[in-house]
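**Student:** So I've got this file, structure-v5.cif, and it contains mmCIF, C-alpha atoms:
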data_input
#
loop_
_atom_site.label_atom_id
_atom_site.label_comp_id
_atom_site.auth_asym_id
_atom_site.auth_seq_id
_atom_site.Cartn_x
_atom_site.Cartn_y
_atom_site.Cartn_z
CA MET D 770 -48.08 20.86 -3.32
CA ALA D 771 -45.32 18.79 -4.88
CA LEU D 772 -41.71 19.72 -4.37
CA THR D 773 -40.06 21.01 -7.50
CA THR D 774 -36.56 20.55 -8.74
CA LYS D 775 -34.26 23.54 -8.74
CA HIS D 776 -32.23 23.65 -11.94
CA LEU D 777 -29.13 25.64 -12.67
CA GLU D 778 -26.89 25.43 -15.70
CA MET D 779 -23.95 27.23 -17.17
CA THR D 780 -21.71 26.97 -20.21
CA LEU D 781 -18.02 27.16 -19.48
CA GLU D 782 -15.05 27.91 -21.66
CA THR D 783 -12.46 25.20 -22.11
CA GLN D 784 -9.86 26.80 -19.88
CA VAL D 785 -8.30 26.16 -16.49
CA GLU D 786 -10.26 28.97 -14.83
CA SER D 787 -13.51 27.12 -15.56
CA VAL D 788 -12.48 24.41 -13.10
CA ASN D 789 -12.40 26.83 -10.18
CA LEU D 790 -15.54 28.62 -11.35
CA ALA D 791 -17.55 25.40 -11.56
CA GLU D 792 -16.32 24.20 -8.18
CA GLU D 793 -17.14 27.52 -6.54
CA MET D 794 -20.64 27.64 -7.98
CA CYS D 795 -21.48 24.09 -6.94
CA LEU D 796 -20.04 24.66 -3.48
CA ARG D 797 -22.44 27.56 -2.99
CA VAL D 798 -25.37 25.43 -4.07
CA ALA D 799 -24.25 22.60 -1.79
CA GLU D 800 -23.86 24.91 1.20
CA ALA D 801 -27.27 26.47 0.56
CA ALA D 802 -28.76 22.98 0.33
CA GLY D 803 -27.50 22.20 3.82
CA PHE D 804 -24.56 19.92 3.16
CA GLY D 805 -21.93 19.88 5.88
CA GLU D 806 -18.30 20.85 5.44
CA ASP D 807 -17.04 17.37 4.59
CA ASP D 808 -19.73 16.72 1.99
CA CYS D 809 -19.18 20.16 0.48
CA TYR D 810 -15.50 19.28 0.09
CA ARG D 811 -16.40 16.00 -1.61
CA ILE D 812 -18.92 17.65 -3.92
CA GLY D 813 -16.53 20.47 -4.78
CA MET D 814 -13.70 18.05 -5.51
CA SER D 815 -15.99 15.90 -7.68
CA VAL D 816 -17.15 18.89 -9.71
CA ARG D 817 -13.54 19.98 -10.08
CA GLU D 818 -12.55 16.52 -11.33
CA GLY D 819 -15.52 16.34 -13.69
CA VAL D 820 -14.64 19.66 -15.28
CA ILE D 821 -10.93 18.77 -15.44
CA ASN D 822 -11.96 15.59 -17.25
CA ALA D 823 -14.05 17.59 -19.74
CA PHE D 824 -11.32 20.22 -20.16
CA HIS D 825 -8.41 17.86 -20.63
CA TYR D 826 -9.73 14.56 -21.99
CA GLY D 827 -13.12 15.41 -23.49
CA ASN D 828 -12.41 18.73 -25.17
CA GLU D 829 -8.66 18.10 -25.39
CA GLU D 830 -8.06 21.66 -24.17
CA ARG D 831 -9.44 23.04 -27.45
CA PRO D 832 -10.77 26.55 -26.74
CA GLU D 833 -13.51 26.44 -29.40
CA LYS D 834 -15.26 23.68 -27.44
CA LYS D 835 -17.49 24.25 -24.43
CA ILE D 836 -18.13 22.52 -21.14
CA HIS D 837 -21.76 22.31 -20.05
CA LEU D 838 -22.44 22.15 -16.33
CA ALA D 839 -25.89 21.61 -14.83
CA VAL D 840 -27.06 21.16 -11.25
CA ASP D 841 -30.42 19.76 -10.20
CA LEU D 842 -31.51 20.05 -6.61
CA THR D 843 -34.37 17.63 -6.03
CA ALA D 844 -36.21 16.83 -2.82
CA ASP D 845 -33.62 14.28 -1.83
CA LYS D 846 -30.38 14.84 -3.71
CA MET D 847 -28.07 17.14 -5.57
CA ILE D 848 -27.39 15.94 -9.10
CA ILE D 849 -24.50 17.31 -11.16
CA HIS D 850 -24.05 16.91 -14.90
CA VAL D 851 -20.82 17.73 -16.72
CA LEU D 852 -21.02 17.45 -20.50
CA ASP D 853 -18.09 17.88 -22.87
CA GLU D 854 -17.89 18.15 -26.65
CA GLY D 855 -15.42 15.35 -27.21
CA ILE D 856 -15.83 11.87 -28.67
CA GLY D 857 -17.05 10.23 -25.48
CA PHE D 858 -15.61 7.30 -23.56
CA LYS D 859 -16.66 4.16 -21.78
CA LEU D 860 -16.12 3.80 -18.07
CA SER D 861 -14.99 0.23 -18.67
CA ASP D 862 -12.06 1.57 -20.71
CA VAL D 863 -10.73 3.69 -17.85
CA PRO D 864 -7.70 2.02 -16.20
CA ASP D 865 -7.95 1.22 -12.50
CA PRO D 866 -5.64 3.70 -10.73
CA LEU D 867 -5.32 1.33 -7.78
CA ALA D 868 -3.85 -1.46 -9.90
CA GLU D 869 -0.21 -2.08 -9.04
CA GLU D 870 0.96 -1.17 -12.54
CA ASN D 871 -0.91 2.16 -12.43
CA LEU D 872 0.02 3.36 -8.96
CA LEU D 873 2.81 5.58 -10.27
CA SER D 874 0.79 6.91 -13.17
CA THR D 875 0.72 10.71 -13.19
CA SER D 876 -2.91 10.84 -14.37
CA GLY D 877 -6.14 8.86 -14.36
CA ARG D 878 -7.42 9.39 -10.80
CA GLY D 879 -10.23 11.86 -11.49
CA ILE D 880 -12.93 9.29 -12.27
CA PHE D 881 -11.87 7.27 -9.25
CA LEU D 882 -12.18 10.29 -6.95
CA MET D 883 -15.64 11.20 -8.25
CA ARG D 884 -16.79 7.63 -7.70
CA ALA D 885 -15.34 7.63 -4.21
CA PHE D 886 -16.79 10.98 -3.15
CA MET D 887 -20.29 10.87 -4.62
CA ASP D 888 -23.20 8.53 -3.84
CA GLU D 889 -23.99 7.86 -7.49
CA PHE D 890 -21.75 8.21 -10.51
CA ASP D 891 -22.10 7.33 -14.17
CA VAL D 892 -20.89 8.39 -17.59
CA VAL D 893 -23.44 8.40 -20.42
CA PRO D 894 -23.30 9.50 -24.04
CA GLY D 895 -24.18 13.18 -24.27
CA LYS D 896 -27.28 14.19 -26.23
CA THR D 897 -25.13 16.28 -28.56
CA GLY D 898 -22.18 13.91 -28.54
CA GLY D 899 -19.33 13.82 -26.07
CA ALA D 900 -19.48 12.31 -22.63
CA GLU D 901 -21.83 13.34 -19.86
CA ILE D 902 -20.81 12.71 -16.29
CA VAL D 903 -23.82 12.37 -14.01
CA MET D 904 -23.22 12.21 -10.28
CA SER D 905 -25.27 12.82 -7.20
CA LYS D 906 -25.11 13.21 -3.44
CA LYS D 907 -28.03 12.55 -1.14
CA LEU D 908 -29.13 15.60 0.82
CA PRO D 909 -28.61 15.56 4.57
CA ALA D 910 -31.74 14.65 6.52
CA THR D 911 -33.87 17.65 7.48
CA GLY D 912 -33.46 18.69 11.08
CA SER D 913 -31.11 15.87 12.00
CA GLY D 914 -27.93 17.77 11.26
CA SER D 915 -25.08 16.42 9.23
CA PRO D 916 -22.40 14.17 10.74
CA ASN D 917 -20.00 17.10 10.72
CA GLY D 918 -22.43 19.37 12.43
CA ARG D 919 -23.34 21.94 9.83
CA GLY D 920 -25.95 20.75 7.40
CA GLY D 921 -29.53 19.80 7.90
CA GLN D 922 -31.77 22.82 8.40
CA ASN D 923 -31.90 23.86 4.78
CA ALA D 924 -31.61 20.39 3.33
CA THR D 925 -34.94 20.33 1.54
CA PRO D 926 -35.32 22.67 -1.42
CA GLN D 927 -38.03 25.26 -0.92
CA GLN D 928 -41.32 24.81 -2.67
CA GLU D 929 -41.98 27.08 -5.56
CA ALA D 930 -45.23 28.99 -5.64
CA MET V 204 -5.21 30.66 -2.33
CA SER V 205 -2.59 29.55 -4.82
CA LEU V 206 0.49 27.59 -3.90
CA HIS V 207 3.55 29.11 -2.27
CA ALA V 208 6.86 27.30 -1.98
CA THR V 209 10.05 28.12 -0.13
CA HIS V 210 12.95 25.82 0.54
CA ARG V 211 15.69 25.53 3.11
CA ASP V 212 18.68 23.26 3.45
CA ALA V 213 19.03 20.86 6.36
CA GLY V 214 22.38 19.22 5.69
CA GLN V 215 22.06 17.21 2.50
CA VAL V 216 18.29 17.37 2.64
CA THR V 217 16.25 20.19 1.15
CA VAL V 218 13.01 20.88 2.98
CA VAL V 219 10.36 22.45 0.76
CA ASP V 220 7.69 24.27 2.75
CA LEU V 221 4.49 24.41 0.73
CA SER V 222 1.32 26.31 1.53
CA GLY V 223 -1.96 26.64 -0.34
CA LYS V 224 -3.45 24.36 -2.97
CA ILE V 225 -1.78 21.94 -5.33
CA THR V 226 -4.31 21.93 -8.13
CA LEU V 227 -4.54 22.05 -11.91
CA GLY V 228 -2.73 25.09 -13.25
CA ASP V 229 -0.37 27.26 -11.24
CA GLY V 230 -0.20 25.05 -8.14
CA SER V 231 0.86 21.92 -9.98
CA ALA V 232 3.20 23.93 -12.21
CA LEU V 233 4.96 25.52 -9.25
CA LEU V 234 5.49 22.16 -7.55
CA ARG V 235 6.93 20.77 -10.78
CA LYS V 236 9.22 23.76 -11.26
CA THR V 237 10.42 23.60 -7.65
CA ILE V 238 11.32 19.92 -7.74
CA ARG V 239 12.92 20.11 -11.19
CA GLY V 240 14.91 23.15 -10.05
CA LEU V 241 16.26 21.30 -7.03
CA LEU V 242 17.24 18.33 -9.16
CA ALA V 243 19.03 20.66 -11.56
CA ASP V 244 20.99 21.96 -8.54
CA GLU V 245 21.88 18.38 -7.57
CA ARG V 246 19.61 18.55 -4.51
CA LYS V 247 18.27 15.02 -4.65
CA LYS V 248 17.12 14.49 -1.08
CA ILE V 249 13.86 16.34 -0.85
CA LEU V 250 11.36 16.57 2.00
CA LEU V 251 8.04 18.16 1.09
CA ASN V 252 6.42 19.81 4.09
CA LEU V 253 2.68 19.77 3.38
CA ALA V 254 1.54 21.12 6.75
CA ASP V 255 -0.13 24.12 5.14
CA VAL V 256 -1.44 22.38 2.05
CA ASP V 257 -5.16 21.97 2.59
CA TYR V 258 -6.25 20.90 -0.86
CA ILE V 259 -4.89 18.66 -3.63
CA ASP V 260 -6.79 17.53 -6.71
CA SER V 261 -5.94 14.73 -9.15
CA SER V 262 -3.60 17.04 -11.03
CA GLY V 263 -1.73 17.79 -7.82
CA ILE V 264 -1.56 14.10 -6.95
CA GLY V 265 -0.17 13.45 -10.42
CA GLU V 266 2.46 16.11 -9.88
CA LEU V 267 3.49 14.59 -6.55
CA VAL V 268 3.89 11.22 -8.26
CA SER V 269 5.76 12.80 -11.16
CA GLY V 270 8.15 14.52 -8.76
CA PHE V 271 8.65 11.33 -6.79
CA THR V 272 9.50 9.41 -9.97
CA ALA V 273 11.80 12.14 -11.29
CA VAL V 274 13.77 12.21 -8.02
CA LYS V 275 13.95 8.41 -7.84
CA ASN V 276 15.20 8.30 -11.43
CA GLN V 277 18.14 10.43 -10.35
CA THR V 278 18.81 8.07 -7.43
CA GLY V 279 17.43 10.59 -4.99
CA ASP V 280 14.59 10.44 -2.49
CA LEU V 281 11.43 12.46 -2.06
CA LYS V 282 9.48 12.13 1.19
CA LEU V 283 6.45 13.81 2.70
CA LEU V 284 6.03 15.58 6.04
CA HIS V 285 3.02 16.78 8.03
CA LEU V 286 0.06 15.76 5.91
CA THR V 287 -3.23 17.47 6.63
CA LYS V 288 -6.20 15.17 7.13
CA LYS V 289 -7.62 15.79 3.67
CA VAL V 290 -4.31 15.12 1.95
CA ARG V 291 -3.67 12.02 4.05
CA ASP V 292 -7.13 10.69 3.24
CA LEU V 293 -6.57 11.32 -0.47
CA LEU V 294 -3.26 9.48 -0.44
CA GLN V 295 -4.84 6.61 1.45
CA ILE V 296 -7.78 6.09 -0.89
CA THR V 297 -5.49 6.32 -3.92
CA LYS V 298 -3.09 3.82 -2.28
CA LEU V 299 -0.24 6.30 -2.57
CA TYR V 300 0.23 6.37 1.17
CA THR V 301 2.11 3.10 0.74
CA VAL V 302 4.27 4.53 -2.06
CA PHE V 303 5.54 7.64 -0.28
CA ASP V 304 7.51 7.71 2.95
CA VAL V 305 5.35 9.90 5.19
CA PHE V 306 6.49 11.52 8.45
CA THR V 307 4.89 13.49 11.24
CA ASP V 308 8.19 14.61 12.78
CA GLU V 309 10.72 16.65 10.84
CA GLY V 310 13.70 15.38 12.81
CA ALA V 311 12.79 11.78 12.15
CA ALA V 312 12.18 12.58 8.50
CA LEU V 313 15.60 14.19 8.14
CA ARG V 314 17.34 11.30 9.87
CA SER V 315 15.64 8.83 7.53
CA PHE V 316 17.58 10.21 4.56
CA SER V 317 20.96 9.25 5.99
#
Written as structure tokens, how would this file's structure read?
**Tutor:**
Amino acid sequence: MALTTKHLEMTLETQVESVNLAEEMCLRVAEAAGFGEDDCYRIGMSVREGVINAFHYGNEERPEKKIHLAVDLTADKMIIHVLDEGIGFKLSDVPDPLAEENLLSTSGRGIFLMRAFMDEFDVVPGKTGGAEIVMSKKLPATGSGSPNGRGGQNATPQQEA
Amino acid sequence: MSLHATHRDAGQVTVVDLSGKITLGDGSALLRKTIRGLLADERKKILLNLADVDYIDSSGIGELVSGFTAVKNQTGDLKLLHLTKKVRDLLQITKLYTVFDVFTDEGAALRSFS
């Protein structure tokens, strides 16, 4: 029997509270998937930054727009999608926050943090316009335990009947 | 847990004890209000005690940088004390660890302002 992908999605309002809601939901999925404490922190922070990006830059804090969050749990990784309803952007246009001239910038570190904390990260044009952040984290190996001593036992999604 | 901030005077230095999260929304706003309030009171030597701050997002980092710049622009100084591991790691990967003066001992931090 082939392993199936678990899929979860939700539509969020363009408001600050959505950031915490999205982070909390993804943290629960990550914990259930067997990720250890450190990886859960990284996943939670990345989701938070993805939704902040959609809230602030994509949807420009306009309440009539929505933020679409989806999580796929495959046999080997957790994949997170954050789609906004803005005009989209190219990763190559995002300034490097580590450049000397940007170090004292008060914004522009969200993309950098997602890239740093996740195994895979990309921004693609959304199917309905806007930008779609796609990022993933490899599941901890089954039975081996995570480096921080928590994950492992539930790392592989259960088979569906 | 949202952010809580109290401050105390140590000579010319104001120590701001922060606890909770510095994140988008109330946490970042409170940090901004606290630093701007101190500057308005001519308290320009500020030591942020982050011992009980266990979480900062990009908005919080931006607010730290904004506060640092605002204090510097008024010829003051803003320094950091007692970083938790997560906050230290964040400042290191964003290269801000080299921008801020960071201390692990309050006495040494206070002496550094003189």
**Student:** Given the file shown, determine the residues that the PyMOL selection byres ((chain V) within 6 of (chain D)) selects; report them as a PyMOL selection string.
**Tutor:** chain V and resi 261+265+268-269
**Student:** Could you please take those selected residues and save C-alpha atoms as a JSON list (two decimals), keeping the file's coordinate frame?
**Tutor:**
[["chain", "number", "residue", "atom", "x", "y", "z"],
["V", 261, "SER", "CA", -5.94, 14.73, -9.15],
["V", 265, "GLY", "CA", -0.17, 13.45, -10.42],
["V", 268, "VAL", "CA", 3.89, 11.22, -8.26],
["V", 269, "SER", "CA", 5.76, 12.80, -11.16]]
**Student:** I need the output of the PyMOL selection byres ((chain D and resi 887) around 12) for this file as a PyMOL selection string; which residues are they?
**Tutor:** chain D and resi 807-816+818-819+846-849+880-886+888-891+902-908
**Student:** Quick one: pull the distance between CA of Val305 (chain V) and CA of Val219 (chain V), Å, one decimal.
**Tutor:**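 Taking CA of Val305 (chain V) and CA of Val219 (chain V), their separation equals 14.2 Å.
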**Student:** At what distance in Å, to one decimal, does CA of Leu241 (chain V) lie from CA of Leu286 (chain V)?
**Tutor:**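 We find that CA of Leu286 (chain V) and CA of Leu241 (chain V) lie 21.5 Å from each other.
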**Student:** Under the rule that only C-alpha atoms are counted, which of V:Arg246, V:Arg239, V:Lys298, V:His285 is the nearest residue to Ser222 (chain V)?
**Tutor:**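 Nearest to Ser222 (chain V): V:His285.
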**Student:** Given the file above and the PyMOL selection byres ((chain D and resi 837) around 8), which residues are selected, and can you give them as a PyMOL selection string?
**Tutor:** chain D and resi 778-781+835-836+838-839+850-853
**Student:** Could you tell me how far CA of Glu806 (chain D) lies from CA of Leu842 (chain D), in Å and to one decimal?
**Tutor:**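 Spanning CA of Glu806 (chain D) to CA of Leu842 (chain D) is a straight-line distance of 17.9 Å.
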**Student:** Using all atoms listed in the file, which residue out of D:Thr843, D:Gly803, D:Glu829, D:Gly855 lies closest to His776 (chain D)?
**Tutor:** D:Thr843
**Student:** Do you know which residues are at most 10 Å from Val893 (chain D) counting all atoms listed in the file, after dropping those on the same chain fewer than 4 positions away, and could you put them as an MDAnalysis selection string?
**Tutor:** chainID D and resid 852 857:860 898:903
**Student:** I'd like to know which of D:Ala844, D:Glu830, D:Ala823, D:Leu790 is closest to Ala802 (chain D), using all atoms listed in the file.
**Tutor:**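 Closest to Ala802 (chain D) of all the choices is D:Ala844.
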**Student:** As a ChimeraX atom specification, please: the residues near region 250-252 of chain V (cut-off 12 Å, all atoms listed in the file, same-chain neighbours under 6 positions excluded).
**Tutor:** /V:207-223,234,237-238,241,267,270-271,274,279-287,290,303-316
**Student:** Identify the residues around (0.6, 10.6, -2.5) within a radius of 6 Å, measuring from all atoms listed in the file in the coordinates stated by the file, and give them as number ranges by chain.
**Tutor:** V: 294, 299-300
**Student:** What would the file look like if the residues just selected were written as an mmCIF file, keeping the file's coordinate frame with C-alpha atoms?
**Tutor:**
data_model
loop_
_atom_site.group_PDB
_atom_site.id
_atom_site.type_symbol
_atom_site.label_atom_id
_atom_site.label_comp_id
_atom_site.auth_asym_id
_atom_site.auth_seq_id
_atom_site.Cartn_x
_atom_site.Cartn_y
_atom_site.Cartn_z
ATOM 1 C CA LEU V 294 -3.260 9.480 -0.440
ATOM 2 C CA LEU V 299 -0.240 6.300 -2.570
ATOM 3 C CA TYR V 300 0.230 6.370 1.170
#
**Student:** Nearest residue to Leu227 (chain V) out of V:Ala273, V:Ile249, V:Leu206, V:Ile296, using all atoms listed in the file?
**Tutor:**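 Looking only at the distances to Leu227 (chain V), the closest residue turns out to be V:Leu206.
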